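Visitor: This is the structure, below, for whatever I ask next.
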Amino acid sequence: MKVPGVASIARTAALVLLAAFLIWPQRFAPLFVPLTQYGAPPIYDQGNLLTLALAQLGTVCCAALASTVVAVALGILVTRPSGAQFLPLSRTLVNIGQTFPPVAVLAVAVPLVGFGLKPTLIALFAYGLLPIFENTLVGLKTCPPAVLEAASGMGMSARQRLLSVELPLAMPLILEGIRVSLVISVGTATIGSTVAAKGLGEVIIAGLLSNNTAFILQGALVTGLMAVLLYDALTGLERRVCRTVRID
Amino acid sequence: MITIENLTKRYGTTTVVDGVSMHIPRNSLTVIVGTSGSGKSTLLRMVNRLVEPTSGRVLLDGNDTRAEPAHLLRRRIGYAIQGHGLFPHHTVAENIATVPRLMGWDAARIGARVTELLKAFALDPATFAGQFPHQLSGGQQQRVGVARALAAEPQLLLMDEPFGALDPIIRAKAQDDLLDIRRRFGTTIVLVTHDMDEAFRLGDHVAVMSGGRMLQYGPPAELLTRPADPLVSRMTGLADRAMRLLSLSTAGEAALPGTVDGPAVAASASLRDVLSELVWRGVDAACVTDADGTARGHLTVAAILAHGRP
Ligand SMILES: Nc1ncnc2c1ncn2[C@@H]1O[C@H](COP(=O)(O)OP(=O)(O)O)[C@@H](O)[C@H]1O
Ligand SMILES: [Mg+2]
């Protein structure tokens, strides 16, 4: 039996802490009391923290899924001989998605699609494209030429080569892109609360409005822990994929 | 088996392969040799249509290779390249099974073929089948690359500098293995190399290329005795052409009737090796014996030397 390392102890501790706090927030009240003034509630009481955290996670995952599908598809398209001409255009579009601040995207999207979840999904989707697209591109472009030549030389069709050689070899990098995108997204998603999407931003905003540092800290800590744990889980997945790919 | 008719490839205004015609007979081992950049790979890759010719055509058993989709054509032609190009995310067995899978063989037949090939290449199936390419030595990777190319029992095997990445001792072994494999599976082989020694060692036909043109195509001895172009003799080497010629005949072929007192040499040894042996021992005749030890005749230094000139 292997002795668990520091990393896995820390991981388990963070997970247990997060779960405990979301399920029994009131148990942690004494910790937050020093941060409150004039007898304000130490724990967010205008909604269920677990529900809000899950809603935020759901929003982030939906947006990341959409970013992944679009960015990977675009990455595949522009690395085919027939799609190479679209590379500059795709790069520009994806870069705009990243440079345009999500708050500005919200401001533009709300008049078009209304308040709530939709504008938040749009902002996160646009913001998350770049890392996945760039990594897909690098992954596909750095497949060893001899391996690609062999694949074609063996008689694989373009599609068979893509699915059974190029994508598996690019997978570690694609996963890394998804990880970066997802982690940025978890943090960014809190701004969705400004347009009435359900999420932990609500807790932070409530704290700001009522000058309650305990609320602000709770919203930020839960968001931060979720980001760290997601990052960690995806790193583990990547390592498992890497073990069989490109270790040479 | 392969008829190449006036094959030309241009990239923009540069002509990379320039009007090459040749006929490659079944069961031959043809080596295309030339300096780097002379168009050898491009010529080879036009046979399996990894490169589409600008003009001219390739016939395989009389049929134009353009008659079927390129990827289907390639499944019938083995292809092995320098640096092997093994799939790093597939095991040795999966790599070898690539083409049979593409052709839809059933699992039992694939398994049997993979085992047969691993054994033929002296790779113990129990040890190697489940390993990944990065766990193998360079020589083993190269053997798996050739095994993969032969997996679907192709009639024709194309090899592009297959031994280029190997160090000399392993390369010599790989060359012997190739001659063995060829005897065993009866595959027609076309091999590209820039190494003239390799060309003479392996080829029963040698094609010399330079600047996209085929300077000469014929049996190796002919390149030495009747070079079609001064460049051919420059490339085959003037200084050791006599020794090269001697290395192309065996003691068995050159043996004179009758036996003499002298060391025994194998009928399969090259005249070059026999001469070396005689010089080393300081004698001037040797007995030629078959593999089972029976005498087949004799050789003298003078008789050997006569074979070293046109
Ligand atoms: N796709 C290509 N585009 C342009 N030039 C090429 C291409 N492929 C090969 N060449 C050129 O054709 C020449 C012959 O190449 P190649 O057939 O690979 O030579 P060899 O295998 O004899 O070294 C080289 O000068 C090379 O630069
Ligand atoms: Mg070449």
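FYI, nothing fancy with the structure tokens labels: chains A, B, ... in order, residues from 1 per chain, ligands from 1 as they appear.
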Go through the chains and note each residue within 7 Å of ligand 1, using only C-alpha atoms and all ligand atoms, then give the set as a VMD selection string.

Guide: chain B and resid 11 16 34 to 43

Visitor: Write a file of the just-selected residues containing N, CA, C and O atoms, as a short mmCIF file (atom, residue, chain, number, x, y, z; two decimals), in the first residue's frame.

Guide:
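Wrote it out as result04.cif, contents follow:
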data_model
loop_
_atom_site.label_atom_id
_atom_site.label_comp_id
_atom_site.auth_asym_id
_atom_site.auth_seq_id
_atom_site.Cartn_x
_atom_site.Cartn_y
_atom_site.Cartn_z
N TYR B 11 7.39 20.90 -58.22
CA TYR B 11 6.83 21.81 -57.20
C TYR B 11 7.09 23.21 -57.72
O TYR B 11 8.24 23.63 -57.78
N VAL B 16 11.43 17.96 -59.44
CA VAL B 16 12.03 17.15 -58.39
C VAL B 16 12.29 15.73 -58.88
O VAL B 16 13.29 15.11 -58.55
N GLY B 34 21.00 7.57 -54.27
CA GLY B 34 21.34 8.89 -54.79
C GLY B 34 21.63 9.82 -53.63
O GLY B 34 21.34 9.50 -52.48
N THR B 35 22.21 10.98 -53.96
CA THR B 35 22.53 11.92 -52.89
C THR B 35 21.23 12.49 -52.31
O THR B 35 20.17 12.37 -52.92
N SER B 36 21.35 13.12 -51.18
CA SER B 36 20.17 13.68 -50.53
C SER B 36 19.61 14.81 -51.41
O SER B 36 20.35 15.62 -51.94
N GLY B 37 18.28 14.81 -51.59
CA GLY B 37 17.65 15.82 -52.42
C GLY B 37 17.55 15.43 -53.89
O GLY B 37 17.09 16.22 -54.71
N SER B 38 17.96 14.20 -54.23
CA SER B 38 17.95 13.80 -55.64
C SER B 38 16.57 13.35 -56.11
O SER B 38 16.39 13.05 -57.28
N GLY B 39 15.61 13.27 -55.19
CA GLY B 39 14.24 12.94 -55.59
C GLY B 39 13.84 11.49 -55.34
O GLY B 39 12.79 11.04 -55.78
N LYS B 40 14.66 10.75 -54.59
CA LYS B 40 14.38 9.33 -54.34
C LYS B 40 13.06 9.14 -53.58
O LYS B 40 12.21 8.35 -53.99
N SER B 41 12.92 9.88 -52.48
CA SER B 41 11.70 9.71 -51.67
C SER B 41 10.48 10.09 -52.47
O SER B 41 9.45 9.42 -52.40
N THR B 42 10.59 11.17 -53.23
CA THR B 42 9.45 11.61 -54.02
C THR B 42 9.06 10.54 -55.03
O THR B 42 7.87 10.22 -55.19
N LEU B 43 10.06 9.92 -55.66
CA LEU B 43 9.77 8.85 -56.62
C LEU B 43 9.05 7.70 -55.91
O LEU B 43 8.03 7.20 -56.39
#

Visitor: May I have the residues of chain B within 8 Å of chain A, counting only C-alpha atoms, written as number ranges by chain?

Guide: B: 48, 50, 70-75, 77-90, 98-99, 102, 132, 134, 149

Visitor: Report, in Å with one decimal, the straight-line distance from CA of Gly97 (chain A) to CA of Leu130 (chain A).

Guide: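 Calculated distance between CA of Gly97 (chain A) and CA of Leu130 (chain A) is 7.4 Å.
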
Visitor: Could you give me the residues within region 43-178 of chain B that DSSP places in helix (DSSP H, G or I), as a PyMOL selection string?

Guide: chain B and resi 43-47+65-67+70-75+92-96+98-102+107-120+125-128+133-135+138-150+168-178

Visitor: Contacts of Val69 (chain A) at 10 Å or less, counting only C-alpha atoms, minus same-chain residues fewer than 5 places along, as a PyMOL selection string?

Guide: chain A and resi 64+74-75+129+132-133

Visitor: Would you mind exporting C-alpha atoms of the selected residues as a JSON list (two decimals), in the first residue's frame?

Guide:
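See selection-v2.json below for the written result:
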[["chain", "number", "residue", "atom", "x", "y", "z"],
["A", 64, "ALA", "CA", -16.73, 25.13, -20.94],
["A", 74, "LEU", "CA", -12.16, 25.14, -35.09],
["A", 75, "GLY", "CA", -8.68, 23.83, -34.26],
["A", 129, "LEU", "CA", -12.30, 29.73, -26.24],
["A", 132, "ILE", "CA", -8.55, 25.54, -25.75],
["A", 133, "PHE", "CA", -8.17, 26.71, -29.35]]

Visitor: For Asn212 (chain A), work out the shell of residues within 8 Å, counting only C-alpha atoms and skipping chain neighbours fewer than 5 positions away, then give it as an mmCIF file with N, CA and C atoms, in the first residue's frame.

Guide:
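Once everything was written out, this is around.cif:
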data_model
loop_
_atom_site.group_PDB
_atom_site.id
_atom_site.type_symbol
_atom_site.label_atom_id
_atom_site.label_comp_id
_atom_site.auth_asym_id
_atom_site.auth_seq_id
_atom_site.Cartn_x
_atom_site.Cartn_y
_atom_site.Cartn_z
ATOM 1 N N LEU A 35 -15.658 38.773 11.771
ATOM 2 C CA LEU A 35 -15.629 39.604 10.585
ATOM 3 C C LEU A 35 -16.896 40.441 10.435
ATOM 4 N N THR A 36 -17.855 40.218 11.315
ATOM 5 C CA THR A 36 -19.127 40.942 11.168
ATOM 6 C C THR A 36 -19.199 42.094 12.161
ATOM 7 N N GLN A 37 -20.065 43.048 11.831
ATOM 8 C CA GLN A 37 -20.251 44.200 12.719
ATOM 9 C C GLN A 37 -21.730 44.324 13.083
ATOM 10 N N ALA A 40 -24.516 41.533 12.561
ATOM 11 C CA ALA A 40 -24.948 41.039 11.246
ATOM 12 C C ALA A 40 -24.740 39.528 11.188
ATOM 13 N N ALA A 206 -23.839 40.646 -2.027
ATOM 14 C CA ALA A 206 -24.575 40.926 -0.792
ATOM 15 C C ALA A 206 -23.636 41.452 0.283
ATOM 16 N N GLY A 207 -22.463 40.873 0.361
ATOM 17 C CA GLY A 207 -21.458 41.311 1.330
ATOM 18 C C GLY A 207 -21.013 42.736 1.067
#

Visitor: Skipping near chain neighbours, those fewer than 5 positions away, what residues fall within 9 Å of region 257-263 of chain B using only C-alpha atoms, listed as a VMD selection string?

Guide: chain B and resid 277 to 278 281 283 to 288 295 to 299

Visitor: Just to confirm, what's the straight-line distance from CA of Ile23 (chain A) to CA of Leu225 (chain A) in Å (one decimal)?

Guide: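 For CA of Ile23 (chain A) relative to CA of Leu225 (chain A), the distance reads 14.8 Å.
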
Visitor: Please list as a list in words every residue within 6 Å of region 173-175 of chain A, counting only C-alpha atoms and excluding residues in the same chain fewer than 5 positions away.

Guide: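 Selected residues are Asn135, Thr136 and Gly139 of chain A.
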
Visitor: Would you write out those residues with all heavy atoms, as an mmCIF file, in the first residue's frame?

Guide:
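See part_17.cif below for the written result:
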data_model
loop_
_atom_site.group_PDB
_atom_site.id
_atom_site.type_symbol
_atom_site.label_atom_id
_atom_site.label_comp_id
_atom_site.auth_asym_id
_atom_site.auth_seq_id
_atom_site.Cartn_x
_atom_site.Cartn_y
_atom_site.Cartn_z
ATOM 1 N N ASN A 135 -4.277 25.571 -27.661
ATOM 2 C CA ASN A 135 -3.667 24.285 -27.302
ATOM 3 C C ASN A 135 -4.012 23.188 -28.304
ATOM 4 O O ASN A 135 -3.188 22.336 -28.607
ATOM 5 C CB ASN A 135 -4.088 23.877 -25.890
ATOM 6 C CG ASN A 135 -3.201 24.506 -24.841
ATOM 7 O OD1 ASN A 135 -2.701 25.604 -25.045
ATOM 8 N ND2 ASN A 135 -2.985 23.813 -23.752
ATOM 9 N N THR A 136 -5.244 23.225 -28.813
ATOM 10 C CA THR A 136 -5.620 22.242 -29.833
ATOM 11 C C THR A 136 -4.718 22.413 -31.052
ATOM 12 O O THR A 136 -4.197 21.445 -31.622
ATOM 13 C CB THR A 136 -7.086 22.432 -30.250
ATOM 14 O OG1 THR A 136 -7.894 22.368 -29.085
ATOM 15 C CG2 THR A 136 -7.518 21.359 -31.231
ATOM 16 N N GLY A 139 -1.225 21.190 -30.294
ATOM 17 C CA GLY A 139 -1.263 19.727 -30.198
ATOM 18 C C GLY A 139 -1.315 19.071 -31.564
ATOM 19 O O GLY A 139 -0.596 18.109 -31.839
#

Visitor: Measuring atom to atom with only C-alpha atoms and all ligand atoms, identify which of B:Asp292, B:Asp167, B:Asp240, B:Asp195 is nearest to ligand 2.

Guide: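 Ranked by minimum distance to ligand 2, first place goes to B:Asp195.
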
Visitor: Can you tell me which residues surround region 229-238 of chain A at a distance of at most 8 Å, considering only C-alpha atoms, apart from same-chain residues fewer than 4 positions away, and format the answer as a short mmCIF file (atom, residue, chain, number, x, y, z; two decimals) with all heavy atoms, in the first residue's frame?

Guide:
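File selection_30.cif, as written:
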data_model
loop_
_atom_site.label_atom_id
_atom_site.label_comp_id
_atom_site.auth_asym_id
_atom_site.auth_seq_id
_atom_site.Cartn_x
_atom_site.Cartn_y
_atom_site.Cartn_z
N ARG A 11 -5.37 17.58 -0.97
CA ARG A 11 -6.52 17.51 -1.87
C ARG A 11 -7.75 17.02 -1.11
O ARG A 11 -8.81 17.61 -1.16
CB ARG A 11 -6.18 16.54 -3.00
CG ARG A 11 -7.26 16.32 -4.02
CD ARG A 11 -6.79 15.30 -5.05
NE ARG A 11 -5.50 15.67 -5.62
CZ ARG A 11 -4.48 14.84 -5.79
NH1 ARG A 11 -4.58 13.58 -5.44
NH2 ARG A 11 -3.36 15.26 -6.33
N ALA A 14 -9.01 19.65 1.38
CA ALA A 14 -9.71 20.75 0.73
C ALA A 14 -11.11 20.32 0.33
O ALA A 14 -12.10 21.06 0.52
CB ALA A 14 -8.93 21.21 -0.50
N LEU A 15 -11.22 19.11 -0.18
CA LEU A 15 -12.52 18.60 -0.62
C LEU A 15 -13.46 18.44 0.56
O LEU A 15 -14.63 18.85 0.52
CB LEU A 15 -12.31 17.25 -1.33
CG LEU A 15 -13.51 16.71 -2.11
CD1 LEU A 15 -13.89 17.68 -3.21
CD2 LEU A 15 -13.18 15.34 -2.70
N PRO A 172 -3.36 15.39 -24.54
CA PRO A 172 -2.83 16.03 -23.31
C PRO A 172 -2.88 17.55 -23.40
O PRO A 172 -3.28 18.22 -22.44
CB PRO A 172 -1.39 15.53 -23.25
CG PRO A 172 -1.39 14.25 -24.00
CD PRO A 172 -2.42 14.41 -25.09
N LEU A 175 -6.50 18.85 -23.22
CA LEU A 175 -6.98 18.80 -21.83
C LEU A 175 -6.38 19.94 -21.01
O LEU A 175 -7.07 20.54 -20.17
CB LEU A 175 -6.61 17.46 -21.19
CG LEU A 175 -7.49 16.28 -21.58
CD1 LEU A 175 -6.96 15.00 -20.97
CD2 LEU A 175 -8.93 16.52 -21.14
N GLU A 176 -5.14 20.26 -21.26
CA GLU A 176 -4.52 21.37 -20.54
C GLU A 176 -5.26 22.67 -20.86
O GLU A 176 -5.52 23.48 -19.96
CB GLU A 176 -3.05 21.49 -20.95
CG GLU A 176 -2.31 22.55 -20.17
CD GLU A 176 -0.92 22.79 -20.76
OE1 GLU A 176 -0.05 21.94 -20.56
OE2 GLU A 176 -0.73 23.83 -21.43
N ARG A 179 -8.47 22.75 -18.99
CA ARG A 179 -8.22 23.00 -17.57
C ARG A 179 -8.04 24.51 -17.32
O ARG A 179 -8.68 25.09 -16.45
CB ARG A 179 -6.97 22.23 -17.14
CG ARG A 179 -6.45 22.58 -15.77
CD ARG A 179 -5.45 21.55 -15.31
NE ARG A 179 -4.35 21.40 -16.26
CZ ARG A 179 -3.13 21.91 -16.07
NH1 ARG A 179 -2.87 22.58 -14.98
NH2 ARG A 179 -2.19 21.75 -16.95
N VAL A 180 -7.19 25.13 -18.11
CA VAL A 180 -6.95 26.56 -17.94
C VAL A 180 -8.25 27.34 -18.12
O VAL A 180 -8.62 28.19 -17.32
CB VAL A 180 -5.88 27.04 -18.96
CG1 VAL A 180 -5.80 28.56 -18.97
CG2 VAL A 180 -4.53 26.42 -18.63
N LEU A 182 -11.34 26.31 -17.84
CA LEU A 182 -12.32 26.01 -16.79
C LEU A 182 -12.00 26.78 -15.51
O LEU A 182 -12.88 27.33 -14.86
CB LEU A 182 -12.27 24.50 -16.53
CG LEU A 182 -13.52 23.80 -16.03
CD1 LEU A 182 -14.69 24.10 -16.94
CD2 LEU A 182 -13.28 22.30 -15.98
N VAL A 183 -10.73 26.83 -15.16
CA VAL A 183 -10.34 27.48 -13.92
C VAL A 183 -10.58 28.99 -14.00
O VAL A 183 -11.11 29.60 -13.07
CB VAL A 183 -8.87 27.16 -13.58
CG1 VAL A 183 -8.36 28.06 -12.47
CG2 VAL A 183 -8.74 25.70 -13.18
N LEU A 225 -11.79 27.55 -3.76
CA LEU A 225 -11.59 26.12 -3.52
C LEU A 225 -12.08 25.28 -4.70
O LEU A 225 -11.44 24.30 -5.10
CB LEU A 225 -12.32 25.70 -2.24
CG LEU A 225 -11.52 25.82 -0.95
CD1 LEU A 225 -12.38 25.38 0.25
CD2 LEU A 225 -10.27 24.95 -1.01
N CYS A 242 -1.40 11.31 -20.45
CA CYS A 242 0.00 11.45 -20.86
C CYS A 242 0.78 10.16 -20.72
O CYS A 242 1.74 9.93 -21.43
CB CYS A 242 0.72 12.50 -20.03
SG CYS A 242 0.32 14.16 -20.52
#

Visitor: Calculated over only C-alpha atoms, which of the candidates A:Ile43, A:Ala29, A:Val103, A:Val16 has the smallest distance to Ile216 (chain A)?

Guide: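 For Ile216 (chain A), the nearest of the given residues is A:Ile43.
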